[in-house]
Amino acid sequence: FPFPETCVRLKSESSCIQVAVFSCPVDIIQTETKGTVLIKSPDELMNFSAGEENLLEAQIKALADAGIKVVVCGGKVGNMALHFLNKYKLMAVRLNSKFDLRRLSRTVNGTVLPRLTTPTNEELGYCDKVCVEELGGTTVVVFRNEGKDARIATIVIRGATDNFMDDIERAVDDGVNNFKCLTRDGRYVPGAGATEIESAAQLAEYADTLPGLEQYAVRKFATALEVFPKALAENSGVNGTEVVNALYFEHKKSDGKNIGFNIETEKADTIDVTKTHIYDLYQAKYWGLKYAIGAATTILKVDQIIMAKRAGGPKPKQNAGSDDGN
């Protein structure tokens with residue numbers, strides 16, 4: 001429920017805007033239990049209605065006296081409350097989603113209050129500009145912090161089709177998660193299947209040193225790592241077996257540890273990933289292998305066989321004159 005005149009006035013101000021965030025509706029408080037009021041005269045009816053109005057006006061006036069310019073609520077805004085908000089030149093914004101309410105509280109660095117009370121200075125939120133803008137034919141309310149202390153940023157994605165926008169959204173999400181992981185561990189490993197083939201080659205050499213049946217398990221583990229470059233090859237329309245053979249041939253050389261699959265060509269071609277800067281995040285590789293190994297070992301540790309019984313009760317008895325002679 002934005003007021004156009006309030007938005008224009010807020011735009012003209014250069015000072016910081018105080019924002020109050022409530023999870024409750026801005027309206028006359030309803031009692032938890034029903035009650036009966038006996039009114040005998042018109043004066044009593046007028047006094048009863050005026051009491052609720054005066055209480056609501058006092059609450060909104062207290063917000064205005066505290067310097068608050070914008071009121072954000074998680075419920076409805078009553079007609080009477082809307083009248084008093086317009087009277088004291090306050091801007092009201094309604095958010096139905098609790099997720100959006102939490103994101104907004106982090107944006108303005110405020111505290112979400114459960115009751116319509118005057119917040120303290122520690123509970124107030126602050127932002128540089130609150131206005132109504134139009135993006136792609138949709139009217140939105142913008143809370144903008146132009147300083148360096150902004151905690152949340154909103155990325156608006158535009159495109160011709162939904163599929164194109166979904167691809168851009170996935171790319172942005174991957175980039176954000178990549179940066180998030182880099183803040184924890186900044187190490188990279190060669191991409192384009194180079195890490196998997198080198199690990200498979202070293203595991204195959206290690207399997208030759210093991211006695212007995214253990215070498216077969218290690219060799220199968222090495223073979224399982226070939227799935228990554230095969231998937232890259234099949235997605236680009238190249239024979240996966242030829243790509244794996246070419247990568248093994250290059251990794252047998254002394255300087256072939258960083259050789260990966262060149263996805264730009266239409267044949268089983270290899271490329272040095274350090275020259276093309278194709279890298280994968282170390283944390284993604286580490287946790288991916290760890291969870292895959294954990295799932296495989298959990299399945300192998302199961303020492304009981306779960307048999308499925310046929311539904312529908314017991315089997316019917318065969319007749320005496322059946323073909324098997326019973």
# chains A, B, ... in the order shown; residues from 1 in each chain; ligands from 1
>>> select_by_dssp(residues="region 83-320 of chain A", states="strand (DSSP E)", output="ChimeraX atom specification")
/A:91-94,112-113,125-127,129-135,138-144,188-190,259-261,270-272,279-281
>>> select_by_dssp(residues="region 72-254 of chain A", states="helix (DSSP H, G or I)", output="ChimeraX atom specification")
/A:79-87,98-108,162-184,194-207,214-224,227-235,240-251
>>> residues_around(residues="region 55-72 of chain A", least_positions_apart="5", cutoff="8 Å", atoms="only C-alpha atoms", output="list in words")
Ile17, Gln18, Val19, Ala20, Val21, Phe22, Asp27, Ile28, Ala81, Phe84, Leu85, Tyr88, Lys89, Leu90, Met91, Ala92, Val93, Arg94, Leu95, Leu116, Thr117 and Thr118 of chain A
>>> write_last_selection(atoms="N, CA and C atoms", output="tab-separated table (two decimals), in the first residue's frame")
chain	number	residue	atom	x	y	z
A	17	ILE	N	16.57	6.92	5.96
A	17	ILE	CA	15.16	6.68	6.22
A	17	ILE	C	15.03	5.58	7.26
A	18	GLN	N	14.20	5.79	8.26
A	18	GLN	CA	13.96	4.81	9.31
A	18	GLN	C	12.77	3.94	8.93
A	19	VAL	N	12.96	2.63	9.09
A	19	VAL	CA	11.96	1.65	8.68
A	19	VAL	C	11.61	0.79	9.89
A	20	ALA	N	10.31	0.60	10.12
A	20	ALA	CA	9.81	-0.29	11.18
A	20	ALA	C	9.20	-1.52	10.53
A	21	VAL	N	9.61	-2.70	10.97
A	21	VAL	CA	9.17	-3.96	10.38
A	21	VAL	C	8.35	-4.71	11.42
A	22	PHE	N	7.11	-5.07	11.07
A	22	PHE	CA	6.21	-5.80	11.96
A	22	PHE	C	5.75	-7.07	11.25
A	27	ASP	N	-3.74	-2.86	12.20
A	27	ASP	CA	-5.18	-2.72	12.26
A	27	ASP	C	-5.59	-2.70	13.73
A	28	ILE	N	-6.87	-2.56	13.97
A	28	ILE	CA	-7.40	-2.59	15.33
A	28	ILE	C	-7.22	-3.99	15.90
A	81	ALA	N	-6.51	2.20	9.79
A	81	ALA	CA	-5.07	2.36	9.92
A	81	ALA	C	-4.49	3.05	8.68
A	84	PHE	N	-5.00	6.81	9.06
A	84	PHE	CA	-4.06	7.47	9.97
A	84	PHE	C	-2.64	7.47	9.41
A	85	LEU	N	-2.26	6.44	8.67
A	85	LEU	CA	-0.94	6.43	8.06
A	85	LEU	C	-0.81	7.55	7.03
A	88	TYR	N	-0.49	11.00	8.92
A	88	TYR	CA	0.83	11.32	9.45
A	88	TYR	C	1.94	11.11	8.41
A	89	LYS	N	1.55	10.95	7.14
A	89	LYS	CA	2.49	10.87	6.01
A	89	LYS	C	3.50	9.74	6.19
A	90	LEU	N	2.98	8.57	6.48
A	90	LEU	CA	3.80	7.37	6.58
A	90	LEU	C	3.52	6.46	5.39
A	91	MET	N	4.55	5.78	4.93
A	91	MET	CA	4.42	4.85	3.82
A	91	MET	C	4.25	3.45	4.38
A	92	ALA	N	3.25	2.72	3.90
A	92	ALA	CA	2.96	1.37	4.38
A	92	ALA	C	3.21	0.37	3.26
A	93	VAL	N	3.91	-0.71	3.60
A	93	VAL	CA	4.21	-1.78	2.65
A	93	VAL	C	3.79	-3.09	3.27
A	94	ARG	N	3.03	-3.88	2.54
A	94	ARG	CA	2.55	-5.17	3.03
A	94	ARG	C	3.29	-6.30	2.34
A	95	LEU	N	3.82	-7.23	3.12
A	95	LEU	CA	4.52	-8.41	2.61
A	95	LEU	C	3.81	-9.65	3.15
A	116	LEU	N	2.40	-4.21	17.41
A	116	LEU	CA	2.44	-2.84	16.90
A	116	LEU	C	2.83	-1.90	18.03
A	117	THR	N	4.11	-1.86	18.30
A	117	THR	CA	4.66	-0.97	19.32
A	117	THR	C	5.77	-0.12	18.70
A	118	THR	N	6.14	0.92	19.39
A	118	THR	CA	7.21	1.80	18.90
A	118	THR	C	8.56	1.12	19.08
>>> residues_around(residues="Thr111 (chain A)", least_positions_apart="3", cutoff="10 Å", atoms="only C-alpha atoms", output="PDB file with N, CA and C atoms, in the first residue's frame")
ATOM      1  N   VAL A  19      12.962   2.631   9.088  1.00  0.00           N
ATOM      2  CA  VAL A  19      11.959   1.652   8.681  1.00  0.00           C
ATOM      3  C   VAL A  19      11.605   0.793   9.889  1.00  0.00           C
ATOM      4  N   ALA A  20      10.312   0.598  10.124  1.00  0.00           N
ATOM      5  CA  ALA A  20       9.811  -0.287  11.184  1.00  0.00           C
ATOM      6  C   ALA A  20       9.199  -1.517  10.526  1.00  0.00           C
ATOM      7  N   VAL A  21       9.614  -2.700  10.971  1.00  0.00           N
ATOM      8  CA  VAL A  21       9.166  -3.961  10.378  1.00  0.00           C
ATOM      9  C   VAL A  21       8.350  -4.708  11.424  1.00  0.00           C
ATOM     10  N   PHE A  22       7.111  -5.065  11.069  1.00  0.00           N
ATOM     11  CA  PHE A  22       6.213  -5.800  11.957  1.00  0.00           C
ATOM     12  C   PHE A  22       5.748  -7.070  11.251  1.00  0.00           C
ATOM     13  N   SER A  23       5.612  -8.122  12.016  1.00  0.00           N
ATOM     14  CA  SER A  23       5.046  -9.361  11.474  1.00  0.00           C
ATOM     15  C   SER A  23       3.549  -9.444  11.670  1.00  0.00           C
ATOM     16  N   ARG A 102      11.766 -11.602   6.257  1.00  0.00           N
ATOM     17  CA  ARG A 102      13.090 -11.810   6.852  1.00  0.00           C
ATOM     18  C   ARG A 102      14.191 -11.206   5.979  1.00  0.00           C
ATOM     19  N   LEU A 104      13.885  -8.648   3.988  1.00  0.00           N
ATOM     20  CA  LEU A 104      13.821  -7.196   4.106  1.00  0.00           C
ATOM     21  C   LEU A 104      14.423  -6.719   5.422  1.00  0.00           C
ATOM     22  N   SER A 105      14.172  -7.470   6.496  1.00  0.00           N
ATOM     23  CA  SER A 105      14.748  -7.086   7.793  1.00  0.00           C
ATOM     24  C   SER A 105      16.272  -7.136   7.749  1.00  0.00           C
ATOM     25  N   ARG A 106      16.838  -8.102   7.006  1.00  0.00           N
ATOM     26  CA  ARG A 106      18.289  -8.155   6.854  1.00  0.00           C
ATOM     27  C   ARG A 106      18.793  -7.027   5.956  1.00  0.00           C
ATOM     28  N   VAL A 108      17.504  -3.942   5.635  1.00  0.00           N
ATOM     29  CA  VAL A 108      17.508  -2.671   6.366  1.00  0.00           C
ATOM     30  C   VAL A 108      18.167  -2.794   7.729  1.00  0.00           C
ATOM     31  N   PRO A 114       6.705  -8.468  16.764  1.00  0.00           N
ATOM     32  CA  PRO A 114       5.423  -9.187  16.657  1.00  0.00           C
ATOM     33  C   PRO A 114       4.213  -8.342  17.017  1.00  0.00           C
ATOM     34  N   PRO A 119       9.300   0.841  18.018  1.00  0.00           N
ATOM     35  CA  PRO A 119      10.589   0.154  18.164  1.00  0.00           C
ATOM     36  C   PRO A 119      11.657   1.075  18.726  1.00  0.00           C
ATOM     37  N   THR A 120      12.645   0.473  19.358  1.00  0.00           N
ATOM     38  CA  THR A 120      13.792   1.219  19.867  1.00  0.00           C
ATOM     39  C   THR A 120      14.777   1.498  18.734  1.00  0.00           C
ATOM     40  N   GLU A 122      17.698   0.313  18.414  1.00  0.00           N
ATOM     41  CA  GLU A 122      18.361  -0.923  18.006  1.00  0.00           C
ATOM     42  C   GLU A 122      17.463  -1.779  17.131  1.00  0.00           C
ATOM     43  N   GLU A 123      16.154  -1.629  17.257  1.00  0.00           N
ATOM     44  CA  GLU A 123      15.216  -2.438  16.482  1.00  0.00           C
ATOM     45  C   GLU A 123      14.830  -1.796  15.154  1.00  0.00           C
ATOM     46  N   LEU A 124      15.148  -0.523  14.965  1.00  0.00           N
ATOM     47  CA  LEU A 124      14.793   0.166  13.736  1.00  0.00           C
ATOM     48  C   LEU A 124      15.690  -0.272  12.588  1.00  0.00           C
ATOM     49  N   GLY A 125      15.142  -0.207  11.384  1.00  0.00           N
ATOM     50  CA  GLY A 125      15.916  -0.449  10.185  1.00  0.00           C
ATOM     51  C   GLY A 125      16.179   0.857   9.459  1.00  0.00           C
TER      52      GLY A 125
END
>>> closest_residue(among="A:Phe221, A:Pro211, A:Ala268, A:Arg103", to="Gly237 (chain A)", atoms="only C-alpha atoms")
A:Ala268
>>> closest_atom_pairs(of="region 188-292 of chain A", to="region 159-174 of chain A", cutoff="12 Å", atoms="only C-alpha atoms", output="JSON lines")
{"residue": "A:Asp280", "atom": "CA", "partner": "A:Asp174", "partner_atom": "CA", "distance": 11.9}
{"residue": "A:Leu281", "atom": "CA", "partner": "A:Asp174", "partner_atom": "CA", "distance": 11.3}
{"residue": "A:Ala284", "atom": "CA", "partner": "A:Asp174", "partner_atom": "CA", "distance": 11.5}
>>> closest_residue(among="A:His251, A:Lys285, A:Lys98, A:Lys290", to="Ala201 (chain A)", atoms="only C-alpha atoms")
A:His251
